[in-house]
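Q: query-v2.tsv (TSV, C-alpha atoms) pasted underneath:
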```tsv
chain	number	residue	atom	x	y	z
O	25	MET	CA	99.05	72.68	143.96
O	26	ILE	CA	100.38	72.70	140.41
O	27	GLU	CA	102.57	75.05	138.38
O	28	LYS	CA	101.91	76.29	134.85
O	29	HIS	CA	104.03	78.37	132.47
O	30	ILE	CA	102.22	80.48	129.88
O	31	VAL	CA	104.20	82.03	127.01
O	32	LEU	CA	102.85	85.33	125.66
O	33	GLU	CA	103.48	84.61	121.98
O	34	ASP	CA	103.27	87.22	119.19
O	35	ILE	CA	102.68	90.21	121.50
O	36	ASP	CA	104.68	92.83	123.37
O	37	PRO	CA	104.62	91.65	127.02
O	38	VAL	CA	105.03	95.27	128.21
O	39	VAL	CA	101.56	96.05	126.78
O	40	PHE	CA	100.13	92.94	128.44
O	41	TYR	CA	101.65	93.68	131.86
O	42	GLY	CA	100.72	97.38	131.76
O	43	VAL	CA	102.56	100.45	133.04
O	44	ASN	CA	104.47	99.51	136.19
O	45	ASN	CA	102.92	96.01	135.87
O	46	ALA	CA	99.48	97.45	136.66
O	47	HIS	CA	97.62	94.82	134.61
O	48	LEU	CA	99.59	92.03	136.20
O	49	GLN	CA	98.82	93.37	139.68
O	50	MET	CA	95.15	93.56	138.75
O	51	LEU	CA	95.25	89.93	137.59
O	52	LYS	CA	96.78	88.94	140.94
O	53	SER	CA	94.00	90.75	142.84
O	54	LEU	CA	91.30	89.08	140.73
O	55	PHE	CA	92.82	85.62	141.35
O	56	PRO	CA	94.03	85.90	144.99
O	57	ARG	CA	94.30	82.13	145.42
O	58	PHE	CA	97.04	81.95	142.77
O	59	ARG	CA	100.65	82.99	142.91
O	60	ILE	CA	101.41	84.80	139.64
O	61	MET	CA	104.94	85.78	138.54
O	62	ALA	CA	106.22	87.09	135.22
O	63	ARG	CA	109.57	87.32	133.53
O	64	ASP	CA	110.07	88.52	129.97
O	65	ASN	CA	107.21	86.92	128.01
O	66	VAL	CA	106.61	83.98	130.37
O	67	ILE	CA	103.96	83.98	133.12
O	68	ARG	CA	104.44	81.45	135.90
O	69	ILE	CA	101.31	80.44	137.86
O	70	LEU	CA	101.06	78.33	141.01
O	71	GLY	CA	97.66	77.28	142.30
O	72	ASP	CA	94.90	74.74	142.66
O	73	SER	CA	94.66	72.26	139.78
O	74	ASP	CA	90.85	72.51	139.64
O	75	GLU	CA	90.87	76.29	139.13
O	76	MET	CA	93.94	76.44	136.88
O	77	PRO	CA	92.00	76.02	133.57
O	78	ARG	CA	89.94	79.16	134.27
O	79	ILE	CA	92.93	81.46	134.76
O	80	GLU	CA	94.65	79.91	131.72
O	81	VAL	CA	91.61	80.69	129.56
O	82	CYS	CA	91.43	84.27	130.87
O	83	ILE	CA	95.13	84.93	130.23
O	84	GLU	CA	94.83	83.49	126.71
O	85	LYS	CA	91.83	85.74	126.00
O	86	MET	CA	93.83	88.72	127.26
O	87	ARG	CA	96.76	87.73	125.03
O	88	LYS	CA	94.48	87.51	121.97
O	89	HIS	CA	92.98	90.90	122.84
O	90	VAL	CA	96.45	92.50	122.91
O	91	LEU	CA	97.38	90.72	119.66
O	92	LYS	CA	94.30	92.07	117.91
O	93	TYR	CA	94.09	95.58	119.37
O	94	ASN	CA	97.70	96.34	120.41
O	95	ALA	CA	96.27	97.53	123.74
O	96	ILE	CA	94.30	96.40	126.78
O	97	SER	CA	92.67	98.41	129.56
O	98	ASP	CA	91.52	97.62	133.09
O	99	GLU	CA	87.96	97.67	131.79
O	100	ASP	CA	88.86	95.15	129.08
O	101	ILE	CA	90.42	92.84	131.66
O	102	LEU	CA	87.31	92.96	133.84
O	103	ASP	CA	85.07	92.23	130.81
O	104	ILE	CA	87.26	89.28	129.83
O	105	ILE	CA	87.36	87.85	133.37
O	106	HIS	CA	83.57	88.12	133.69
O	107	GLY	CA	82.93	86.68	130.24
O	108	HIS	CA	81.59	89.91	128.71
O	109	GLN	CA	82.26	91.42	125.29
O	110	THR	CA	84.80	94.24	125.40
O	111	LYS	CA	84.05	97.64	123.87
O	112	ALA	CA	86.60	97.04	121.12
O	113	ASP	CA	84.94	93.72	120.19
O	114	SER	CA	81.64	95.50	119.62
O	115	VAL	CA	83.13	97.77	116.92
O	116	LYS	CA	82.49	96.35	113.44
O	117	LYS	CA	84.37	96.42	110.12
O	118	VAL	CA	87.79	97.13	111.62
O	119	VAL	CA	90.74	95.66	109.68
O	120	VAL	CA	93.36	96.02	112.44
O	121	TYR	CA	94.21	98.43	115.23
O	122	SER	CA	97.19	100.76	115.28
O	123	THR	CA	99.80	100.62	118.03
O	124	SER	CA	97.94	103.47	119.72
O	125	GLY	CA	94.69	101.49	119.63
O	126	LYS	CA	93.13	103.49	116.78
O	127	PRO	CA	90.85	101.37	114.53
O	128	ILE	CA	91.99	101.08	110.92
O	129	ARG	CA	89.05	100.54	108.57
O	130	GLY	CA	87.71	101.53	105.18
O	131	ARG	CA	86.78	105.21	105.20
O	132	SER	CA	85.06	105.32	101.82
O	133	ALA	CA	83.03	103.03	99.55
O	134	ASN	CA	86.02	102.29	97.32
O	135	GLN	CA	88.28	101.56	100.28
O	136	GLN	CA	85.66	99.11	101.56
O	137	GLN	CA	85.64	97.54	98.08
O	138	LEU	CA	89.37	96.93	98.47
O	139	ILE	CA	88.80	95.24	101.84
O	140	ASP	CA	85.97	93.09	100.46
O	141	ALA	CA	88.00	92.15	97.37
O	142	PHE	CA	90.84	90.90	99.60
O	143	GLU	CA	88.48	88.33	101.10
O	144	LYS	CA	87.33	87.04	97.71
O	145	LYS	CA	90.16	87.50	95.21
O	146	ASP	CA	93.77	86.34	95.09
O	147	MET	CA	95.10	89.31	93.12
O	148	ILE	CA	94.00	92.93	93.51
O	149	PHE	CA	95.04	96.07	91.65
O	150	ALA	CA	94.41	99.24	93.69
O	151	VAL	CA	94.87	102.27	91.47
O	152	GLY	CA	94.33	105.90	92.41
O	153	PRO	CA	95.88	109.28	93.25
O	154	ALA	CA	98.04	110.13	96.25
O	155	GLY	CA	96.40	110.02	99.67
O	156	THR	CA	93.67	107.48	98.90
O	157	GLY	CA	95.04	104.93	101.38
O	158	LYS	CA	96.14	102.33	98.80
O	159	THR	CA	99.37	101.34	100.49
O	160	TYR	CA	98.29	101.84	104.10
O	161	LEU	CA	95.10	99.80	103.77
O	162	SER	CA	96.89	97.06	101.80
O	163	ILE	CA	99.50	96.70	104.54
O	164	ALA	CA	96.72	96.66	107.17
O	165	LEU	CA	95.09	93.74	105.33
O	166	ALA	CA	98.44	91.93	105.23
O	167	VAL	CA	99.02	92.49	108.96
O	168	LYS	CA	95.53	91.16	109.69
O	169	ALA	CA	96.24	88.01	107.66
O	170	LEU	CA	99.51	87.49	109.55
O	171	LYS	CA	97.83	87.93	112.94
O	172	GLU	CA	95.03	85.53	111.99
O	173	LYS	CA	97.65	83.06	110.65
O	174	SER	CA	95.99	82.86	107.23
O	175	ALA	CA	99.41	83.96	105.90
O	176	LYS	CA	102.84	82.97	107.16
O	177	LYS	CA	104.68	86.03	105.92
O	178	ILE	CA	104.34	89.49	104.40
O	179	ILE	CA	106.47	90.55	101.45
O	180	LEU	CA	106.54	94.23	100.52
O	181	SER	CA	108.29	95.58	97.45
O	182	ARG	CA	108.80	98.78	95.46
O	183	PRO	CA	110.70	99.59	92.29
O	184	ALA	CA	113.71	101.76	93.15
O	185	VAL	CA	113.00	104.33	90.45
O	186	GLU	CA	114.49	107.80	90.71
O	187	ALA	CA	112.00	110.67	90.85
O	188	GLY	CA	114.45	113.38	89.88
O	189	GLU	CA	117.12	112.28	92.37
O	190	LYS	CA	120.21	110.24	91.52
O	191	LEU	CA	120.63	106.99	93.44
O	192	GLY	CA	124.39	106.86	92.92
O	193	PHE	CA	124.96	110.11	94.79
O	194	LEU	CA	123.23	108.89	97.97
O	195	PRO	CA	125.67	107.97	100.77
O	196	GLY	CA	126.24	104.44	102.08
O	197	ASP	CA	126.18	100.88	100.73
O	198	MET	CA	123.44	99.49	98.48
O	199	LYS	CA	121.04	98.77	101.37
O	200	GLU	CA	121.51	102.28	102.76
O	201	LYS	CA	120.94	103.76	99.30
O	202	ILE	CA	117.73	101.79	98.72
O	203	ASP	CA	116.16	101.97	102.20
O	204	PRO	CA	114.88	105.54	101.72
O	205	TYR	CA	112.76	104.29	98.79
O	206	LEU	CA	111.22	101.68	101.09
O	207	GLN	CA	110.72	103.95	104.14
O	208	PRO	CA	106.96	104.53	103.52
O	209	LEU	CA	106.45	100.78	103.92
O	210	TYR	CA	108.35	100.76	107.23
O	211	ASP	CA	106.30	103.76	108.39
O	212	SER	CA	102.99	101.95	107.79
O	213	LEU	CA	104.18	98.80	109.57
O	214	GLU	CA	105.44	100.80	112.56
O	215	ASP	CA	101.96	102.27	112.92
O	216	MET	CA	100.39	98.80	113.20
O	217	ILE	CA	102.94	96.55	114.94
O	218	PRO	CA	104.76	97.39	118.20
O	219	ALA	CA	108.42	98.26	117.61
O	220	ASN	CA	109.95	95.26	119.42
O	221	ARG	CA	107.59	92.83	117.73
O	222	LEU	CA	108.16	94.39	114.30
O	223	GLN	CA	111.94	94.16	114.63
O	224	ASP	CA	111.61	90.50	115.63
O	225	LEU	CA	109.43	89.78	112.57
O	226	LEU	CA	111.91	91.57	110.30
O	227	ASP	CA	114.86	89.69	111.80
O	228	LYS	CA	113.08	86.36	111.26
O	229	ASN	CA	112.10	87.30	107.67
O	230	VAL	CA	108.43	86.87	108.53
O	231	ILE	CA	108.10	90.40	107.15
O	232	GLN	CA	110.35	91.12	104.20
O	233	ILE	CA	110.85	94.52	102.56
O	234	ALA	CA	112.91	94.56	99.40
O	235	PRO	CA	113.35	96.37	96.08
O	236	LEU	CA	111.54	94.81	93.15
O	237	ALA	CA	114.77	93.57	91.57
O	238	PHE	CA	115.23	91.20	94.55
O	239	MET	CA	112.01	89.32	93.65
O	240	ARG	CA	113.43	87.66	90.52
O	241	GLY	CA	113.58	83.87	90.73
O	242	ARG	CA	111.43	83.57	93.87
O	243	THR	CA	108.16	81.67	94.31
O	244	LEU	CA	106.09	83.29	97.02
O	245	ASN	CA	103.93	80.76	98.90
O	246	ASP	CA	101.71	81.29	101.98
O	247	ALA	CA	102.20	85.04	101.82
O	248	VAL	CA	100.55	88.39	101.31
O	249	VAL	CA	102.69	90.11	98.68
O	250	ILE	CA	102.35	93.84	98.03
O	251	LEU	CA	103.92	95.73	95.15
O	252	ASP	CA	103.75	99.45	95.85
O	253	GLU	CA	104.30	102.28	93.32
O	254	ALA	CA	103.72	99.77	90.53
O	255	GLN	CA	103.24	102.57	87.98
O	256	ASN	CA	107.06	102.77	87.94
O	257	THR	CA	107.60	99.17	86.87
O	258	THR	CA	108.68	98.36	83.35
O	259	THR	CA	106.79	95.79	81.29
O	260	ALA	CA	109.39	93.13	82.09
O	261	GLN	CA	109.40	93.94	85.82
O	262	ALA	CA	105.60	93.78	86.12
O	263	ARG	CA	105.49	90.45	84.29
O	264	MET	CA	108.27	89.06	86.46
O	265	PHE	CA	106.57	90.13	89.69
O	266	LEU	CA	103.08	88.90	88.81
O	267	THR	CA	104.43	85.43	87.94
O	268	ARG	CA	106.08	85.08	91.39
O	269	MET	CA	102.70	84.20	92.91
O	270	GLY	CA	102.67	80.88	94.75
O	271	TRP	CA	100.17	78.64	96.53
O	272	ASN	CA	97.94	80.11	99.25
O	273	SER	CA	99.15	83.63	98.47
O	274	LYS	CA	97.47	86.94	97.78
O	275	MET	CA	98.92	89.83	95.81
O	276	ILE	CA	98.03	93.51	96.02
O	277	ILE	CA	99.46	95.84	93.38
O	278	THR	CA	99.11	99.56	94.03
O	279	GLY	CA	99.88	102.51	91.80
O	280	ASP	CA	99.14	106.07	90.79
O	281	MET	CA	98.97	106.65	87.04
O	282	THR	CA	99.52	110.41	87.50
O	283	GLN	CA	102.97	109.90	89.06
O	284	ILE	CA	104.89	107.79	86.54
O	285	ASP	CA	108.63	108.48	86.86
O	286	LEU	CA	109.75	106.24	83.98
O	287	PRO	CA	111.43	107.72	80.88
O	288	HIS	CA	108.84	109.15	78.46
O	289	ASN	CA	109.53	106.49	75.85
O	290	GLN	CA	108.91	103.61	78.31
O	291	LYS	CA	105.44	102.22	78.96
O	292	SER	CA	104.32	101.62	82.55
O	293	GLY	CA	104.19	97.93	83.43
O	294	LEU	CA	101.12	98.60	85.60
O	295	LYS	CA	99.24	100.24	82.74
O	296	GLU	CA	100.04	97.37	80.41
O	297	ALA	CA	99.17	94.72	83.02
O	298	LEU	CA	95.74	96.27	83.55
O	299	GLU	CA	95.11	96.10	79.79
O	300	ILE	CA	96.35	92.51	79.39
O	301	LEU	CA	94.76	91.01	82.51
O	302	SER	CA	91.34	92.66	82.28
O	303	GLY	CA	88.56	90.09	82.31
O	304	ILE	CA	90.32	87.43	84.42
O	305	ASP	CA	87.75	86.40	87.05
O	306	ASP	CA	90.04	86.02	90.06
O	307	ILE	CA	91.62	89.47	89.62
O	308	ALA	CA	89.95	92.55	91.10
O	309	VAL	CA	90.66	96.13	90.01
O	310	ILE	CA	89.74	98.84	92.53
O	311	ASN	CA	89.82	102.39	91.14
O	312	LEU	CA	90.15	104.98	93.89
O	313	THR	CA	89.42	108.65	93.19
O	314	GLN	CA	89.79	112.09	94.76
O	315	LYS	CA	86.73	111.28	96.91
O	316	ASP	CA	88.78	108.58	98.67
O	317	ILE	CA	91.63	110.87	99.74
O	318	VAL	CA	92.08	110.62	103.51
O	319	ARG	CA	95.07	112.93	104.00
O	320	HIS	CA	94.95	116.67	104.71
O	321	LYS	CA	92.12	118.38	102.82
O	322	LEU	CA	94.72	120.35	100.83
O	323	VAL	CA	95.83	117.09	99.17
O	324	THR	CA	92.45	116.85	97.44
O	325	SER	CA	92.79	120.43	96.20
O	326	ILE	CA	96.34	119.79	94.99
O	327	VAL	CA	95.33	116.59	93.13
O	328	ASN	CA	92.39	118.39	91.50
O	329	ALA	CA	94.56	121.35	90.49
O	330	TYR	CA	97.19	119.11	88.88
O	331	GLN	CA	94.53	117.11	87.03
O	332	ALA	CA	92.99	120.33	85.67
O	333	TYR	CA	96.48	121.51	84.63
O	334	ASP	CA	97.25	118.19	82.87
O	335	LYS	CA	93.89	118.30	81.08
O	336	LYS	CA	94.49	121.88	79.90
O	337	LYS	CA	98.01	121.02	78.74
O	338	LEU	CA	96.64	118.05	76.76
O	339	CYS	CA	93.96	120.24	75.17
O	340	ASP	CA	96.54	122.91	74.27
O	341	ARG	CA	98.78	120.27	72.71
O	342	ASP	CA	95.88	118.88	70.66
O	343	ASP	CA	94.94	122.39	69.54
O	344	GLY	CA	98.56	123.00	68.55
O	345	LYS	CA	98.60	119.83	66.47
O	346	ARG	CA	95.34	120.80	64.74
O	347	ASN	CA	96.62	124.33	64.03
O	348	TYR	CA	99.89	122.94	62.68
O	349	THR	CA	98.04	120.49	60.42
O	350	HIS	CA	95.65	123.21	59.21
O	351	THR	CA	98.51	125.63	58.44
O	352	HIS	CA	100.57	122.96	56.73
O	353	VAL	CA	97.63	121.88	54.53
O	354	SER	CA	96.76	125.50	53.71
O	355	ARG	CA	100.33	126.21	52.63
O	356	HIS	CA	100.38	123.08	50.53
O	357	ILE	CA	97.10	124.04	48.81
O	358	SER	CA	98.30	127.62	48.21
O	359	LYS	CA	101.56	126.36	46.74
O	360	HIS	CA	99.72	123.85	44.57
O	361	ASN	CA	97.25	126.50	43.33
O	362	GLY	CA	100.17	128.83	42.53
O	363	GLU	CA	101.80	126.19	40.38
O	364	ASN	CA	98.53	125.61	38.50
O	365	ASP	CA	98.13	129.36	37.88
O	366	SER	CA	101.52	129.54	36.26
```
Spell out the structure here as structure tokens.
A:
Amino acid sequence: MIEKHIVLEDIDPVVFYGVNNAHLQMLKSLFPRFRIMARDNVIRILGDSDEMPRIEVCIEKMRKHVLKYNAISDEDILDIIHGHQTKADSVKKVVVYSTSGKPIRGRSANQQQLIDAFEKKDMIFAVGPAGTGKTYLSIALAVKALKEKSAKKIILSRPAVEAGEKLGFLPGDMKEKIDPYLQPLYDSLEDMIPANRLQDLLDKNVIQIAPLAFMRGRTLNDAVVILDEAQNTTTAQARMFLTRMGWNSKMIITGDMTQIDLPHNQKSGLKEALEILSGIDDIAVINLTQKDIVRHKLVTSIVNAYQAYDKKKLCDRDDGKRNYTHTHVSRHISKHNGENDS
């Protein structure tokens, strides 16, 4: 008789044990010759030394299943114990699973291009209108890298640029003022990582969420680094961020050129970076369109309507310039002819 302690690392033990410890009870019934006890994230097993390796392997496979899928069912446990493939394992092209067990994957050709580019390139620009999944899919790729240990940390950043609101009038200290700008990043993470586990990763700085200004002076090694809303970076900010890249790191820069909130006389750092860096082999540019929108169907209609409005406004402005030039030239010619007649 020997005793083993197995630590359930990187997962929420509540998911592993099941509601009212149902999964743990099932494990006990499947291995009746062992005494199995659990406390917090540690499983204590007493049993025969010859059979101990088998139960250790099964528990480790269950742990990896929970880590990958954020869920495990009785059917999954039986498949694992009997050495069969689980239903979830048979589903292909899934990036990660949400906390509810929903598969997160590319839902369009361009989204799949983004996923494929992440495997091959170290820097990716994902540019497109609202609702195309730029941020959500980028964070899913980062979470996958963290789970697979190909990255040691995730760093998420946004420029704290006002879109009509005034930062100074928001209540609270600087963190409380800035956090609302970063909330979409928290929302995506909460959808993919159990709450307790996410808080632990945030506390340990394995996942870091910070305004762009906080990136200055850092070198970001062994990380997946995401800059969201990059259309609102200045030239200097974009240059600063892109040069933070360190060894064994990947960068994803997302932005929507139709939602630039910078002053009219200031050029978008994202727009300039795309012009300057075009042609560099290890940089991928993924252009998402209205066809990639995965939000409510009305979002597609809204994006299309605004694009048509912007196009009409541009045409009207060009027509106005041409009419002004024509009128000005005509007046000049008339005046000149009048002087000649006299």
Q: Taking all atoms listed in the file into account, which of O:Lys144, O:Arg57, O:Lys88, O:Lys335 comes nearest Glu172 (chain O)?
A: O:Lys88
Q: Leaving out Leu213 (chain O) and any residue of its chain fewer than 3 positions from it, which residues lie within 12 Å of it when counting only C-alpha atoms, given as a PyMOL selection string?
A: chain O and resi 120-123+159-168+178-180+206-210+216-223+225-226+231-233
Q: What are the centre and the three edge lengths of an axis-aligned box that wraps all atoms of region 138-154 of chain O in the file, given that 6 Å is added to every side, written as AutoDock Vina command-line options and rounded to one decimal in Å?
A:
```
--center_x 92.0 --center_y 98.2 --center_z 96.7 --size_x 24.1 --size_y 35.8 --size_z 22.4
```
Q: Measure the distance from CA of Gln314 (chain O) to CA of Asn328 (chain O) in Å and round it to one decimal.
A: 7.6 Å
Q: Just the number, please: distance in Å from CA of Tyr41 (chain O) to CA of Ile96 (chain O), one decimal.
A: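 The value is 9.3 Å.
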Q: Considering only C-alpha atoms, can you say which of O:Arg78, O:Arg59, O:Lys117, O:Arg87 comes closest to Val38 (chain O)?
A: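 Among the listed residues, the smallest separation from Val38 (chain O) belongs to O:Arg87.
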Q: What is the CA of Ser325 (chain O)-CA of Leu138 (chain O) distance in Å, reported with one decimal?
A: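 These atoms are spaced 23.9 Å apart.
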Q: List the spatial neighbours of region 148-154 of chain O as number ranges by chain - criterion: any atom at most 8 Å away, all atoms listed in the file, same-chain residues fewer than 2 positions off excluded.
A: O: 138, 141-142, 145-146, 156-158, 275-282, 307-314, 317, 323, 327
Q: Counting all atoms listed in the file, which of O:Ala237, O:Val248, O:Ile139, O:Ile26 gets nearest to Lys176 (chain O)?
A: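 Of O:Ala237, O:Val248, O:Ile139, O:Ile26, the one nearest Lys176 (chain O), counting all atoms listed in the file, is O:Val248.
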Q: Between O:Met61, O:Gly155, O:Ile101, O:Gly293, single out the one closest to Ile326 (chain O), counting all atoms listed in the file.
A: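 Going through O:Met61, O:Gly155, O:Ile101, O:Gly293 one by one, the smallest distance to Ile326 (chain O) is for O:Gly155.
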